[in-house]
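Contents: one structure, followed by commentary.
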Amino acid sequence: RRHCCDTYSELTMLRTLLSTYLLLVGLLSADAWTQSPHGSVAKMIKKQVATVAIATTCFLGAVQPCHALDPMVYNNDYADPFHPLCLRHVQVEGSTFHYSGTGVGPKDDTVLRGCSPQEIREFGIRRGAFDGVILDDGKFSAGDGIHEGIWEPANSATTSLGFEDVDGIRWNDGNKWTVKSKTMGTKAGEFIFLAYVGFSGLAGVKGVVDVMKRKRQERDAQ
């Protein structure tokens, strides 16, 4: 299964980082071949360029937006604009999920009410829950023909339904639950991954620069 970035902005950042890395290595390699077309520096840079090019191609091919996304992107607390202040929590386990939340008034009430203190006092609060599956095409379904949606990353849709600029679940009725907060595990995982990619790229460029400086110093000393 291909993995999708949680957000469009993260994908853009990763693409920019890798593209910058390739550009820097390319510029350094051009200088190295000019100074020493058959030397060890040129060979090392040629190897790094090939390695980074292959890794970049595989990486971007693996994380570009797609339909078969990682089900864990749904694992969040959400804000529901149709029902302000009501709780919306989705817990993902494999390709299944459990939803739990709150509402006010009768269960089948068609009036769009929120969970403000005044509304709770007037209509009473209730809790609800249901289970469902996350299909291979990324659809989020409770199987009841009502709770059917899709993951919509920030800035990925060209619609004008509202909240296109944030991550969330876009339901069939046009409503979008927006990500309210991410779990610590999700945040830590994203931070570690982005930090690893960033520091790996910087370390690679620094290594090339250091070798080139050392070679130039040796050449100037002769």
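Residues in the structure tokens are named by chain (A, B, ... in the order shown) and by number from 1 within that chain; ligands are numbered from 1 in the order shown.
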
Practice prompt. Name the residues in contact with Phe97 (chain A) at a cut-off of 9 Å, using only C-alpha atoms, excluding same-chain residues fewer than 3 positions from it; report them as a PyMOL selection string.
Written response: chain A and resi 71+74-75+90-94+130-134+140+142

Produce a file of the selected residues containing N, CA and C atoms, as an mmCIF file, in the first residue's frame.
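Dumped everything to out_9.cif:
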```
data_model
loop_
_atom_site.group_PDB
_atom_site.id
_atom_site.type_symbol
_atom_site.label_atom_id
_atom_site.label_comp_id
_atom_site.auth_asym_id
_atom_site.auth_seq_id
_atom_site.Cartn_x
_atom_site.Cartn_y
_atom_site.Cartn_z
ATOM 1 N N PRO A 71 -4.728 4.694 6.517
ATOM 2 C CA PRO A 71 -5.942 4.900 7.329
ATOM 3 C C PRO A 71 -5.696 5.729 8.582
ATOM 4 N N TYR A 74 -6.961 9.380 9.619
ATOM 5 C CA TYR A 74 -8.272 9.661 10.195
ATOM 6 C C TYR A 74 -8.244 9.691 11.723
ATOM 7 N N ASN A 75 -7.151 9.265 12.312
ATOM 8 C CA ASN A 75 -7.068 9.105 13.764
ATOM 9 C C ASN A 75 -6.891 10.466 14.442
ATOM 10 N N VAL A 90 -12.304 10.056 16.340
ATOM 11 C CA VAL A 90 -12.178 8.858 15.519
ATOM 12 C C VAL A 90 -10.929 8.095 15.950
ATOM 13 N N GLN A 91 -11.112 6.839 16.295
ATOM 14 C CA GLN A 91 -10.017 5.957 16.691
ATOM 15 C C GLN A 91 -9.866 4.881 15.622
ATOM 16 N N VAL A 92 -8.699 4.835 15.002
ATOM 17 C CA VAL A 92 -8.452 3.896 13.907
ATOM 18 C C VAL A 92 -7.689 2.681 14.409
ATOM 19 N N GLU A 93 -8.115 1.510 13.945
ATOM 20 C CA GLU A 93 -7.407 0.264 14.217
ATOM 21 C C GLU A 93 -7.349 -0.519 12.915
ATOM 22 N N GLY A 94 -6.166 -0.529 12.314
ATOM 23 C CA GLY A 94 -6.030 -1.189 11.017
ATOM 24 C C GLY A 94 -6.841 -0.458 9.966
ATOM 25 N N PHE A 130 -20.406 4.887 16.551
ATOM 26 C CA PHE A 130 -20.630 3.891 15.502
ATOM 27 C C PHE A 130 -19.271 3.412 15.004
ATOM 28 N N ASP A 131 -19.286 2.270 14.353
ATOM 29 C CA ASP A 131 -18.069 1.684 13.801
ATOM 30 C C ASP A 131 -18.151 1.677 12.284
ATOM 31 N N GLY A 132 -16.999 1.580 11.658
ATOM 32 C CA GLY A 132 -16.982 1.556 10.209
ATOM 33 C C GLY A 132 -15.657 1.072 9.668
ATOM 34 N N VAL A 133 -15.511 1.172 8.374
ATOM 35 C CA VAL A 133 -14.289 0.705 7.706
ATOM 36 C C VAL A 133 -13.709 1.824 6.846
ATOM 37 N N ILE A 134 -12.411 1.717 6.595
ATOM 38 C CA ILE A 134 -11.719 2.625 5.690
ATOM 39 C C ILE A 134 -11.330 1.789 4.479
ATOM 40 N N PHE A 140 -14.251 6.669 3.816
ATOM 41 C CA PHE A 140 -14.531 6.499 5.245
ATOM 42 C C PHE A 140 -16.006 6.159 5.348
ATOM 43 N N ALA A 142 -19.419 4.104 7.317
ATOM 44 C CA ALA A 142 -20.066 3.371 8.401
ATOM 45 C C ALA A 142 -21.006 2.317 7.835
#
```

Worksheet, complete the sentence: Computed gap from CA of Trp151 (chain A) to CA of Lys180 (chain A) is 14.4 Å

Fill in: Distance query region 159-171 of chain A at most 12 Å, only C-alpha atoms, self and fewer than 2 positions along chain excluded, as a VMD selection string
chain A and resid 5 to 10 71 73 to 82 88 to 90 134 138 to 142 145 to 157 173 to 182

Practice prompt. Considering only C-alpha atoms, return as number ranges by chain whatever protein or nucleic-acid residues lie within 7 Å of Gly105 (chain A), sequence-local ones (same chain, fewer than 4 positions apart) excluded.
Written response: A: 109, 123-125

Just to be explicit: take each residue in the selection above, keep C-alpha atoms, and write the result as a PDB file, in the first residue's frame.
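Below is the file out.pdb, written as the result:
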```pdb
ATOM      1  CA  ASP A 109     -33.401  15.715  14.992  1.00  0.00           C
ATOM      2  CA  PHE A 123     -32.086  20.333  24.788  1.00  0.00           C
ATOM      3  CA  GLY A 124     -29.892  18.000  26.845  1.00  0.00           C
ATOM      4  CA  ILE A 125     -26.701  16.302  25.787  1.00  0.00           C
TER       5      ILE A 125
END
```

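When only C-alpha atoms are used to compute distances to Gly114 (chain A), the closest of the residues A:Ser100, A:Asp136, A:Ala129, A:His83 turns out to be A:His83.
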